[in-house]
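A.B. asks: Dropping in query_26.txt, which is compact mmCIF, C-alpha atoms:
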# COMPACT_ATOMS: atom_id res chain seq x y z
CA MET A 1 0.00 0.00 0.00
CA ASN A 2 2.76 2.38 0.96
CA ASN A 3 4.55 1.47 -2.20
CA ASN A 4 1.45 2.30 -4.19
CA VAL A 5 1.06 5.73 -2.57
CA LEU A 6 4.67 6.53 -3.43
CA LEU A 7 4.02 5.38 -6.98
CA TYR A 8 1.03 7.72 -7.30
CA ILE A 9 2.90 10.68 -5.85
CA GLY A 10 5.79 10.03 -8.23
CA ARG A 11 3.42 9.72 -11.17
CA PHE A 12 1.70 12.98 -10.21
CA ILE A 13 4.96 14.95 -10.13
CA ILE A 14 6.50 13.35 -13.23
CA LEU A 15 3.36 13.85 -15.31
CA ILE A 16 3.18 17.54 -14.37
CA LEU A 17 6.86 18.11 -15.12
CA VAL A 18 6.69 16.32 -18.47
CA GLN A 19 3.56 18.29 -19.38
CA VAL A 20 4.96 21.67 -18.38
CA PHE A 21 8.49 21.23 -19.69
CA ILE A 22 7.98 19.33 -22.90
CA LEU A 23 4.42 18.88 -24.08
CA ASN A 24 3.23 22.46 -23.55
CA HIS A 25 5.86 23.59 -26.05
CA ILE A 26 5.18 21.23 -28.91
CA ASN A 27 2.71 23.50 -30.75
CA PHE A 28 2.27 21.02 -33.56
CA LEU A 29 0.74 22.79 -36.59
CA GLY A 30 0.87 26.00 -34.60
CA TYR A 31 -1.48 25.24 -31.73
CA LEU A 32 -1.75 21.51 -30.94
CA ASN A 33 -0.42 20.47 -27.54
CA PRO A 34 -1.31 17.03 -26.18
CA PHE A 35 -2.47 16.95 -22.56
CA ILE A 36 -1.16 13.76 -21.05
CA TYR A 37 -1.28 14.70 -17.36
CA ILE A 38 -4.81 13.27 -17.12
CA ILE A 39 -3.19 9.80 -17.19
CA PHE A 40 -3.11 10.30 -13.43
CA ILE A 41 -6.91 10.42 -13.38
CA LEU A 42 -7.24 7.61 -15.94
CA LEU A 43 -5.05 5.25 -13.92
CA ALA A 44 -6.28 6.11 -10.42
CA PRO A 45 -7.33 2.94 -8.57
CA ILE A 46 -10.99 2.12 -8.96
CA THR A 47 -11.46 1.59 -5.25
CA ILE A 48 -10.18 5.10 -4.38
CA ARG A 49 -12.44 7.12 -2.08
CA LYS A 50 -14.45 9.64 -4.05
CA SER A 51 -13.69 12.65 -1.88
CA VAL A 52 -9.94 11.99 -2.08
CA PHE A 53 -10.21 11.48 -5.82
CA PHE A 54 -12.02 14.79 -6.35
CA LEU A 55 -9.51 16.67 -4.23
CA LEU A 56 -6.54 15.12 -6.03
CA SER A 57 -8.01 15.87 -9.46
CA PHE A 58 -8.69 19.45 -8.42
CA ILE A 59 -5.13 19.91 -7.18
CA LEU A 60 -3.74 18.34 -10.35
CA GLY A 61 -5.78 20.71 -12.52
CA LEU A 62 -4.99 23.73 -10.42
CA THR A 63 -1.26 23.02 -10.65
CA MET A 64 -1.56 22.94 -14.43
CA ASP A 65 -3.46 26.23 -14.31
CA MET A 66 -0.76 27.75 -12.19
CA PHE A 67 1.92 26.83 -14.70
CA GLY A 68 -0.19 27.77 -17.69
CA ASP A 69 -1.77 30.98 -16.31
CA SER A 70 -5.17 29.76 -17.40
CA GLY A 71 -7.32 30.62 -14.37
CA GLY A 72 -9.21 27.47 -13.41
CA VAL A 73 -9.95 25.74 -16.69
CA HIS A 74 -7.79 22.67 -16.12
CA ALA A 75 -9.13 22.28 -12.58
CA ALA A 76 -12.73 22.34 -13.83
CA ALA A 77 -12.02 19.90 -16.68
CA CYS A 78 -10.19 17.48 -14.37
CA LEU A 79 -13.01 17.59 -11.81
CA ILE A 80 -15.59 16.84 -14.44
CA ILE A 81 -13.77 13.79 -15.77
CA ALA A 82 -13.16 12.62 -12.20
CA TYR A 83 -16.90 12.89 -11.65
CA THR A 84 -17.87 11.18 -14.88
CA ARG A 85 -15.25 8.41 -14.66
CA PRO A 86 -17.51 5.91 -12.83
CA VAL A 87 -20.20 6.39 -15.48
CA VAL A 88 -17.69 5.86 -18.29
CA LEU A 89 -16.21 2.84 -16.54
CA ARG A 90 -19.64 1.30 -16.13
CA SER A 91 -20.60 1.86 -19.75
CA VAL A 92 -17.30 0.51 -21.07
CA PHE A 93 -16.70 -2.43 -18.75
CA GLY A 94 -20.20 -3.29 -17.63
CA LEU A 95 -20.46 -6.00 -15.00
CA SER A 96 -16.81 -6.44 -14.17
CA TYR A 97 -16.78 -2.84 -12.99
CA GLU A 98 -19.79 -3.40 -10.77
CA PHE A 99 -17.87 -6.13 -8.97
CA GLN A 100 -14.76 -3.94 -8.93
CA THR A 101 -12.65 -6.58 -10.59
CA VAL A 102 -11.41 -4.40 -13.42
CA LYS A 103 -7.63 -4.11 -13.59
CA LEU A 104 -6.78 -1.15 -15.78
CA ASN A 105 -3.45 -2.67 -16.71
CA THR A 106 -4.80 -5.94 -18.04
CA LEU A 107 -7.50 -4.69 -20.38
CA GLY A 108 -7.80 -5.42 -24.06
CA ILE A 109 -6.66 -2.66 -26.37
CA GLY A 110 -10.17 -1.96 -27.68
CA GLU A 111 -11.73 -1.37 -24.28
CA ARG A 112 -8.80 0.71 -23.21
CA LEU A 113 -9.06 2.88 -26.31
CA THR A 114 -12.78 3.50 -25.74
CA TYR A 115 -12.17 4.41 -22.11
CA VAL A 116 -9.31 6.81 -22.93
CA THR A 117 -11.15 8.35 -25.89
CA LEU A 118 -14.30 9.10 -23.92
CA LEU A 119 -12.54 10.73 -20.99
CA VAL A 120 -10.03 12.66 -23.11
CA PHE A 121 -12.81 14.00 -25.30
CA ILE A 122 -14.89 15.17 -22.32
CA HIS A 123 -11.83 16.73 -20.72
CA HIS A 124 -10.80 18.62 -23.85
CA LEU A 125 -14.33 19.80 -24.60
CA VAL A 126 -14.70 21.32 -21.12
CA LEU A 127 -11.15 22.67 -21.24
CA PHE A 128 -11.49 24.53 -24.53
CA SER A 129 -15.04 25.74 -23.88
CA LEU A 130 -13.88 27.37 -20.67
CA GLU A 131 -10.61 28.59 -22.11
CA ILE A 132 -12.19 30.33 -25.09
CA PHE A 133 -15.35 31.15 -23.10
CA ASN A 134 -17.26 32.55 -26.01
CA PHE A 135 -20.11 30.77 -27.74
CA SER A 136 -19.64 32.72 -30.94
CA HIS A 137 -16.37 30.80 -31.34
CA ILE A 138 -18.06 27.41 -31.06
CA LEU A 139 -16.49 26.16 -34.28
CA LEU A 140 -13.04 27.05 -33.01
CA ILE A 141 -13.82 25.20 -29.76
CA LEU A 142 -14.92 22.08 -31.64
CA LYS A 143 -11.98 22.22 -34.01
CA LYS A 144 -9.49 22.56 -31.18
CA THR A 145 -11.21 19.81 -29.18
CA LEU A 146 -11.23 17.39 -32.08
CA PHE A 147 -7.64 17.80 -33.20
CA THR A 148 -6.10 18.09 -29.75
CA SER A 149 -8.10 15.05 -28.59
CA LEU A 150 -6.75 12.97 -31.46
CA PHE A 151 -3.22 14.05 -30.64
CA SER A 152 -3.69 13.45 -26.89
CA ILE A 153 -5.26 10.02 -27.39
CA VAL A 154 -2.40 8.85 -29.58
CA VAL A 155 0.24 10.07 -27.13
CA ILE A 156 -1.61 8.69 -24.08
CA MET A 157 -2.10 5.26 -25.69
CA LEU A 158 1.59 5.17 -26.59
CA ILE A 159 2.58 6.05 -23.04
CA LEU A 160 0.19 3.47 -21.58
CA VAL A 161 1.66 0.76 -23.81
CA LEU A 162 5.27 1.77 -23.25
CA PHE A 163 5.05 2.06 -19.47
CA ARG A 164 2.87 -0.94 -18.83
CA ARG A 165 3.56 -2.47 -15.44
CA LYS A 166 4.65 -6.05 -15.73
CA ASP A 167 3.65 -7.25 -12.26
CA SER A 168 -0.09 -6.71 -12.45
CA MET B 1 -32.07 19.56 11.57
CA GLN B 2 -31.29 15.87 11.79
CA GLN B 3 -32.50 15.47 8.24
CA ILE B 4 -30.35 18.28 6.96
CA VAL B 5 -27.28 16.75 8.57
CA ASN B 6 -28.20 13.37 7.13
CA PHE B 7 -28.64 14.91 3.73
CA LEU B 8 -25.25 16.58 3.94
CA ILE B 9 -23.56 13.33 5.00
CA ARG B 10 -25.26 11.31 2.33
CA ASN B 11 -24.32 13.71 -0.45
CA LYS B 12 -20.95 14.78 0.84
CA ASN B 13 -19.11 13.63 -2.27
CA PHE B 14 -21.45 15.45 -4.59
CA LEU B 15 -21.29 18.59 -2.45
CA LEU B 16 -17.50 18.44 -2.44
CA PHE B 17 -17.60 18.12 -6.23
CA LEU B 18 -19.90 21.13 -6.51
CA LEU B 19 -17.74 23.18 -4.16
CA LEU B 20 -14.54 22.45 -6.06
CA LEU B 21 -16.23 22.95 -9.41
CA SER B 22 -17.61 26.34 -8.43
CA LEU B 23 -14.17 27.28 -7.12
CA SER B 24 -12.55 26.42 -10.43
CA LEU B 25 -15.29 28.20 -12.37
CA LEU B 26 -14.72 31.26 -10.18
CA PHE B 27 -11.03 31.21 -11.07
CA THR B 28 -11.91 30.78 -14.73
CA ILE B 29 -14.32 33.68 -14.81
CA GLN B 30 -11.86 35.83 -12.95
CA SER B 31 -9.16 35.01 -15.45
CA HIS B 32 -11.41 36.28 -18.22
CA ASN B 33 -11.76 39.61 -16.46
CA TYR B 34 -9.00 42.01 -17.29
CA HIS B 35 -6.74 42.75 -14.31
CA LYS B 36 -8.67 40.51 -11.96
CA SER B 37 -6.91 37.15 -12.05
CA LYS B 38 -4.80 37.38 -8.94
CA PHE B 39 -5.30 34.03 -7.26
CA VAL B 40 -3.91 31.48 -9.66
CA SER B 41 -0.90 32.82 -11.48
CA SER B 42 2.55 31.61 -12.36
CA THR B 43 4.26 34.40 -10.41
CA ASN B 44 4.41 32.32 -7.22
CA PHE B 45 7.72 30.91 -6.03
CA LEU B 46 6.95 27.32 -7.05
CA SER B 47 6.12 27.77 -10.72
CA GLY B 48 8.44 30.77 -11.01
CA GLY B 49 11.25 28.68 -9.59
CA VAL B 50 10.51 25.73 -11.84
CA TYR B 51 10.38 27.96 -14.92
CA GLY B 52 13.64 29.58 -13.79
CA TRP B 53 15.23 26.18 -13.60
CA ARG B 54 14.04 25.38 -17.10
CA TYR B 55 15.25 28.75 -18.38
CA SER B 56 18.73 28.16 -16.98
CA ILE B 57 19.00 25.15 -19.30
CA SER B 58 17.09 26.30 -22.36
CA SER B 59 18.68 29.76 -22.52
CA TYR B 60 21.90 28.18 -23.82
CA PHE B 61 20.22 27.10 -27.02
CA ASN B 62 19.62 30.63 -28.31
CA LEU B 63 22.81 32.33 -27.18
CA LYS B 64 24.13 32.98 -30.68
CA GLN B 65 20.88 34.46 -31.90
CA GLU B 66 20.44 36.63 -28.82
CA ASN B 67 23.99 37.85 -29.17
CA GLU B 68 23.37 38.84 -32.76
CA ARG B 69 20.25 40.78 -31.73
CA LEU B 70 22.08 42.58 -28.96
CA LEU B 71 24.88 43.54 -31.33
CA LYS B 72 22.34 44.92 -33.79
CA GLU B 73 20.65 46.96 -31.09
CA ASN B 74 24.02 48.22 -29.89
CA GLU B 75 24.89 49.29 -33.40
CA HIS B 76 21.62 51.19 -33.66
CA LEU B 77 22.06 52.88 -30.28
CA ARG B 78 25.68 53.76 -31.01
CA ASN B 79 24.62 55.48 -34.21
CA LEU B 80 22.02 57.43 -32.25
CA THR B 81 24.45 58.57 -29.55
CA HIS B 82 26.88 59.80 -32.19
CA LEU B 83 24.13 61.84 -33.74
CA TYR B 84 23.37 63.47 -30.41
CA LEU B 85 27.03 63.90 -29.54
CA LYS B 86 27.68 65.76 -32.78
CA ASP B 87 24.64 67.89 -32.11
CA THR B 88 25.75 68.90 -28.64
CA LEU B 89 29.34 69.61 -29.74
CA GLU B 90 28.35 71.88 -32.58
CA ASN B 91 25.64 73.80 -30.84
CA SER B 92 27.24 73.52 -27.39
CA ARG B 93 23.94 72.70 -25.82
CA TYR B 94 24.12 72.05 -22.13
CA ILE B 95 22.41 69.29 -20.22
CA ASP B 96 20.17 70.55 -17.49
CA THR B 97 21.42 68.48 -14.58
CA VAL B 98 18.80 69.83 -12.19
CA SER B 99 15.96 68.10 -13.98
CA PHE B 100 17.92 65.22 -15.42
CA THR B 101 15.28 62.56 -14.88
CA SER B 102 14.02 61.24 -18.15
CA PRO B 103 10.29 60.53 -18.41
CA PHE B 104 10.90 56.80 -18.83
CA THR B 105 13.17 54.28 -17.11
CA PHE B 106 13.97 50.94 -18.71
CA ILE B 107 14.37 47.72 -16.69
CA LYS B 108 15.81 44.64 -18.38
CA ALA B 109 14.23 41.21 -17.81
CA ASN B 110 14.44 37.68 -19.14
CA VAL B 111 11.42 35.77 -20.38
CA TYR B 112 10.79 32.62 -18.35
CA LYS B 113 7.59 31.52 -20.02
CA ASN B 114 5.93 32.61 -23.22
CA ASP B 115 2.60 31.35 -24.58
CA TYR B 116 1.27 32.07 -28.02
CA SER B 117 -0.99 29.16 -28.93
CA LYS B 118 -3.94 29.95 -26.64
CA SER B 119 -6.52 32.69 -26.99
CA ASP B 120 -5.36 34.43 -23.80
CA ASN B 121 -1.60 34.42 -23.58
CA TYR B 122 0.64 35.50 -20.75
CA ILE B 123 4.40 35.94 -20.42
CA LEU B 124 6.34 35.37 -17.22
CA ILE B 125 9.43 37.54 -16.67
CA ASN B 126 12.08 37.24 -13.99
CA ARG B 127 11.81 40.72 -12.50
CA GLY B 128 9.32 41.68 -9.81
CA GLU B 129 8.46 44.27 -7.17
CA LYS B 130 12.00 43.90 -5.83
CA ASP B 131 13.32 45.42 -9.06
CA GLY B 132 10.68 48.14 -9.26
CA ILE B 133 8.20 46.47 -11.59
CA GLN B 134 4.62 47.56 -11.02
CA PRO B 135 1.34 46.65 -12.70
CA ASP B 136 0.56 48.68 -15.85
CA MET B 137 4.14 49.05 -16.96
CA ALA B 138 4.86 48.58 -20.66
CA VAL B 139 7.03 45.70 -21.87
CA ILE B 140 8.96 45.88 -25.15
CA THR B 141 11.88 44.23 -26.90
CA ASP B 142 14.49 45.95 -29.03
CA GLN B 143 12.17 45.45 -32.01
CA GLY B 144 8.69 46.26 -30.78
CA ILE B 145 6.02 45.99 -28.13
CA ILE B 146 5.23 42.83 -26.17
CA GLY B 147 2.51 43.69 -23.67
CA ILE B 148 1.63 45.21 -20.33
CA VAL B 149 2.55 44.03 -16.81
CA GLU B 150 -0.54 42.73 -15.06
CA ASN B 151 0.48 40.96 -11.90
CA THR B 152 3.66 41.14 -9.83
CA SER B 153 5.21 39.16 -6.99
CA THR B 154 8.50 39.79 -5.24
CA ASN B 155 10.67 38.16 -7.88
CA TYR B 156 8.46 37.62 -10.93
CA SER B 157 5.85 39.43 -12.97
CA ARG B 158 3.20 38.32 -15.36
CA VAL B 159 2.74 40.23 -18.60
CA ILE B 160 -0.44 40.30 -20.66
CA SER B 161 0.85 39.60 -24.12
CA ILE B 162 -0.57 41.61 -27.04
CA LEU B 163 -1.78 38.14 -28.07
CA HIS B 164 -4.61 38.28 -25.50
CA SER B 165 -8.30 38.64 -26.27
CA GLU B 166 -8.72 41.43 -23.69
CA SER B 167 -5.64 43.39 -24.61
CA THR B 168 -6.18 46.77 -26.29
CA ILE B 169 -3.34 49.16 -26.92
CA ASN B 170 -3.40 52.62 -28.41
CA ALA B 171 -1.54 52.62 -31.68
CA GLY B 172 -1.42 54.69 -34.81
CA LEU B 173 0.28 55.37 -38.10
CA GLN B 174 3.83 56.58 -38.05
CA LYS B 175 3.38 59.07 -40.88
CA SER B 176 0.16 60.70 -39.69
CA ASN B 177 -1.58 61.26 -36.38
CA GLN B 178 -4.59 59.00 -36.84
CA TYR B 179 -4.81 56.34 -34.18
CA GLY B 180 -6.89 53.32 -33.22
CA SER B 181 -6.76 50.38 -30.87
CA LEU B 182 -4.67 47.28 -31.34
CA VAL B 183 -6.41 43.95 -30.65
CA TRP B 184 -5.85 40.30 -31.51
CA ASN B 185 -8.36 37.93 -33.11
CA GLY B 186 -6.72 34.80 -31.74
CA LYS B 187 -5.62 33.32 -35.04
CA ASP B 188 -2.06 34.00 -36.12
CA PRO B 189 0.51 34.82 -33.41
CA ASN B 190 2.42 37.09 -35.79
CA ILE B 191 -0.51 39.20 -37.00
CA VAL B 192 -2.56 41.57 -34.84
CA GLN B 193 -5.44 43.84 -35.83
CA LEU B 194 -5.68 47.61 -35.67
CA GLU B 195 -9.25 48.90 -35.41
CA THR B 196 -11.05 52.23 -35.67
CA ILE B 197 -8.59 54.02 -37.90
CA PRO B 198 -10.83 56.58 -39.61
CA ARG B 199 -11.50 56.27 -43.30
CA GLN B 200 -9.75 59.56 -44.07
CA ALA B 201 -6.38 58.02 -43.29
CA VAL B 202 -4.15 57.36 -46.27
CA LEU B 203 -2.89 53.78 -46.04
CA LYS B 204 -0.45 51.71 -48.00
CA LYS B 205 0.70 48.15 -47.47
CA GLY B 206 4.03 48.20 -45.67
CA ASP B 207 3.30 51.37 -43.66
CA THR B 208 4.70 51.31 -40.15
CA ILE B 209 2.42 51.20 -37.10
CA VAL B 210 3.80 52.62 -33.85
CA THR B 211 2.52 53.38 -30.36
CA ASN B 212 1.26 56.92 -30.22
CA GLY B 213 2.00 57.95 -26.63
CA ARG B 214 -1.56 58.93 -25.78
CA SER B 215 -1.68 56.57 -22.84
CA THR B 216 0.75 56.91 -19.96
CA ILE B 217 1.90 53.32 -20.45
CA PHE B 218 3.81 53.29 -23.72
CA PRO B 219 6.20 56.02 -24.80
CA LYS B 220 5.51 57.53 -28.21
CA GLY B 221 6.95 55.91 -31.32
CA ILE B 222 7.73 52.36 -30.23
CA GLY B 223 7.50 50.09 -33.24
CA ILE B 224 4.70 47.54 -33.53
CA GLY B 225 4.67 46.25 -37.09
CA THR B 226 3.83 46.93 -40.70
CA ILE B 227 0.48 46.92 -42.50
CA SER B 228 0.02 43.63 -44.34
CA ASP B 229 -3.62 44.06 -45.31
CA TYR B 230 -6.50 46.52 -44.80
CA ARG B 231 -10.19 46.83 -45.59
CA LEU B 232 -13.19 48.92 -44.52
CA ASP B 233 -15.37 47.55 -41.71
CA GLN B 234 -19.14 47.05 -41.88
CA SER B 235 -20.00 50.66 -41.13
CA GLN B 236 -17.76 51.73 -44.04
CA SER B 237 -16.23 54.48 -41.94
CA TYR B 238 -13.32 52.77 -40.25
CA TYR B 239 -10.47 50.65 -41.48
CA LEU B 240 -9.67 47.18 -40.19
CA ILE B 241 -5.95 46.69 -40.58
CA ASP B 242 -3.87 43.52 -40.28
CA VAL B 243 -0.50 44.33 -38.80
CA THR B 244 2.48 42.00 -39.14
CA LEU B 245 4.50 42.34 -35.96
CA PHE B 246 8.18 43.30 -35.94
CA ASN B 247 8.67 40.89 -33.06
CA ASP B 248 8.58 37.18 -33.54
CA MET B 249 6.17 36.54 -30.67
CA THR B 250 7.11 32.86 -30.65
CA ASN B 251 10.72 33.62 -29.85
CA ILE B 252 11.31 36.30 -27.23
CA GLY B 253 14.52 36.09 -25.24
CA PHE B 254 14.90 39.30 -23.27
CA VAL B 255 12.59 42.27 -22.78
CA TYR B 256 12.60 45.74 -21.28
CA ALA B 257 9.94 46.91 -18.87
CA ILE B 258 9.30 50.63 -19.13
CA LYS B 259 8.56 52.64 -16.04
CA SER B 260 6.80 55.90 -16.77
CA ASN B 261 8.07 58.47 -14.27
CA ASP B 262 5.40 61.01 -15.17
CA ALA B 263 2.47 58.63 -15.00
CA GLU B 264 1.34 59.69 -11.54
CA GLU B 265 1.49 63.36 -12.37
CA ILE B 266 -0.52 62.84 -15.55
CA LYS B 267 -3.09 60.69 -13.80
CA LYS B 268 -3.49 63.29 -11.07
CA LEU B 269 -4.15 65.94 -13.68
CA GLU B 270 -6.72 63.77 -15.44
CA ASN B 271 -8.57 62.64 -12.32
CA PRO B 272 -8.10 65.41 -9.74
CA ASN B 273 -10.68 63.88 -7.40
CA GLU B 274 -8.83 60.65 -6.68
Render the structure in this file as structure tokens.
C.D. replies:
Amino acid sequence: MNNNVLLYIGRFIILILVQVFILNHINFLGYLNPFIYIIFILLAPITIRKSVFFLLSFILGLTMDMFGDSGGVHAAACLIIAYTRPVVLRSVFGLSYEFQTVKLNTLGIGERLTYVTLLVFIHHLVLFSLEIFNFSHILLILKKTLFTSLFSIVVIMLILVLFRRKDS
Amino acid sequence: MQQIVNFLIRNKNFLLFLLLLSLSLLFTIQSHNYHKSKFVSSTNFLSGGVYGWRYSISSYFNLKQENERLLKENEHLRNLTHLYLKDTLENSRYIDTVSFTSPFTFIKANVYKNDYSKSDNYILINRGEKDGIQPDMAVITDQGIIGIVENTSTNYSRVISILHSESTINAGLQKSNQYGSLVWNGKDPNIVQLETIPRQAVLKKGDTIVTNGRSTIFPKGIGIGTISDYRLDQSQSYYLIDVTLFNDMTNIGFVYAIKSNDAEEIKKLENPNE
């Protein structure tokens, strides 16, 4: 258990540093930056207490906001995917989630992709709606959401495959 | 009472979610209000320190380029001083040492963080209150304007880039006195828009746009860019002008913050009641 807590703390810090130092400066095609720090939320244990989970997601988002000077948009987006994660898990994994026997590391690639796609898309939609904050730019919001989501999903899937834990 | 407590306990997770969500929405809305986003900003010691650490590594990559720019600026300034020197020698003008303070003081700073891909972009610089930086000071490079200081801490300050949806700066044509306001439409980080230039103005592609010194923030005549395109707006009485910036906003190494020494006096004159 202790080992696991250390692992999560380490993951939290490393994800933020990688995001801030490297991925926020990619600017692929001028404006595309993948957001991979939500891997922390994607890989949080399913049995985690909800209140702790919300608080951690909020802090994660707020840290990103602090580094990116974006007010509270990352915090809000992270909270919303933390809140919707059980719903997504249930719709993707069905019964095995109800009995809490899902191991995120041992899933098939298809289920994993659906899970990641859904949460990344929700996160990016909230993020860009709040960041642009103007309904007359709705096309810009959708365009940014679509392309950045694609980019993020590819990078996140690569990271999940590359850093798969062997023991579980 | 018992029921209320029960209700709170039963829904504590949802209430926590609502609380945190409203907090983050509050921060978001504040960040969309000009000059209001004080709570969450990168000027604190943690993110400032981390960005400083990054800067200490990444600054090595551009040394050659920066050096070239500094040499160019030096060349320009040297030419200027010679012009003035010749002037003073020939006409034996004297410098009034009693009132020697110039209206503007320049403070050099390094850029720790620079955004340009979002719709509201900020720049973090490594000078703060300790070095005399205050909110509403202008920030420029050797080539042109960058933005306005918004938020300061002891060691760092945050600058609203001209690439910000709320940023408006007084600017005008170099060759005539017509002026308008400079805004950004969020599309291309090297092109900003100049609005409300009256139709009477004579424009040509390639004309230079400069600050016009009507606000107390920017001194007169600091370069902004050149006209790349212009058309009349819907009312047919004002021009909408696309301005290509002199600065490459995606690559800013060092900047100067400008302190206006007369700002207080001017403000007092304009608002005698305050």
A.B. asks: Extending 4 Å beyond the listed atoms of region 15-28 of chain A on each side, what axis-aligned box results? I want centre and edge lengths in Å to one decimal, as JSON.
C.D. replies:
{"center_x": 5.4, "center_y": 18.7, "center_z": -24.0, "size_x": 14.2, "size_y": 17.7, "size_z": 27.2}
A.B. asks: Report as CSV the residues of region 137-220 of chain B within 12 Å of region 59-76 of chain A, each with its shortest atom pair and distance in Å (one decimal), using all atoms listed in the file, ordered by chain and increasing residue number.
C.D. replies:
residue,atom,partner,partner_atom,distance
B:Glu150,CA,A:Asp69,CA,11.9
B:Asn151,CA,A:Asp69,CA,11.1
B:Ser157,CA,A:Asp69,CA,11.9
B:Arg158,CA,A:Asp69,CA,8.9
B:Val159,CA,A:Asp69,CA,10.5
B:Ile160,CA,A:Asp69,CA,10.4
B:Ser161,CA,A:Asp69,CA,11.9
B:His164,CA,A:Ser70,CA,11.8
A.B. asks: With a distance threshold of 6 Å and counting only C-alpha atoms, extract the residues of chain B near chain A and express them as number ranges by chain.
C.D. replies: B: 13, 21, 24, 27-28, 31, 40-42, 47, 117
A.B. asks: Please, what distance in Å, to one decimal, runs between CA of Lys144 (chain A) and CA of Asp248 (chain B)?
C.D. replies: 23.4 Å
A.B. asks: CA of Ser129 (chain A) and CA of Ile141 (chain A), how far apart in Å?
C.D. replies: 6.0 Å
A.B. asks: To one decimal in Å, tell me the separation between CA of Ile9 (chain A) and CA of Leu162 (chain A).
C.D. replies: 19.7 Å
A.B. asks: With 12 Å as the threshold, what does the neighbourhood of (-2.0, 55.2, -35.2) contain in terms of residues, counting all atoms listed in the file? Coordinates are those of the file; answer as JSON, numbers by chain.
C.D. replies: {"B": [169, 170, 171, 172, 173, 174, 175, 176, 177, 178, 179, 180, 181, 182, 193, 194, 195, 196, 197, 198, 201, 202, 203, 207, 208, 209, 210, 211, 212, 213, 214, 220, 221, 222, 223, 224, 225, 226, 227, 239, 241, 243]}
A.B. asks: Taking (5.8, 60.1, -12.7) in the file's coordinates as the center, which residues reach within 12 Å of it, counting all atoms listed in the file, put as a list in words?
C.D. replies: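 Those residues lying close to the given coordinates are Thr101, Ser102, Pro103, Phe104, Thr105, Met137, Thr216, Ile217, Ile258, Lys259, Ser260, Asn261, Asp262, Ala263, Glu264, Glu265, Ile266, Lys267, Lys268 and Leu269 of chain B.
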A.B. asks: Which residue is closest to Val155 (chain A)? Choose from A:Leu119, A:Ile48, A:Leu15, A:Ile36 and count all atoms listed in the file.
C.D. replies: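 Of A:Leu119, A:Ile48, A:Leu15, A:Ile36, the one nearest Val155 (chain A), counting all atoms listed in the file, is A:Ile36.
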A.B. asks: Pick the closest to Ile107 (chain B) from B:Ser56, B:Gln134, B:Ile4, B:Asn273: which is it, counting all atoms listed in the file?
C.D. replies: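 Among B:Ser56, B:Gln134, B:Ile4, B:Asn273, it is B:Gln134 that comes nearest to Ile107 (chain B).
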A.B. asks: Would you mind telling me which residue in B:Thr152, B:Asn271, B:Ser215, B:Ile191 lies nearest to Thr244 (chain B) when using only C-alpha atoms?
C.D. replies: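 Counting only C-alpha atoms, the residue closest to Thr244 (chain B) is B:Ile191.
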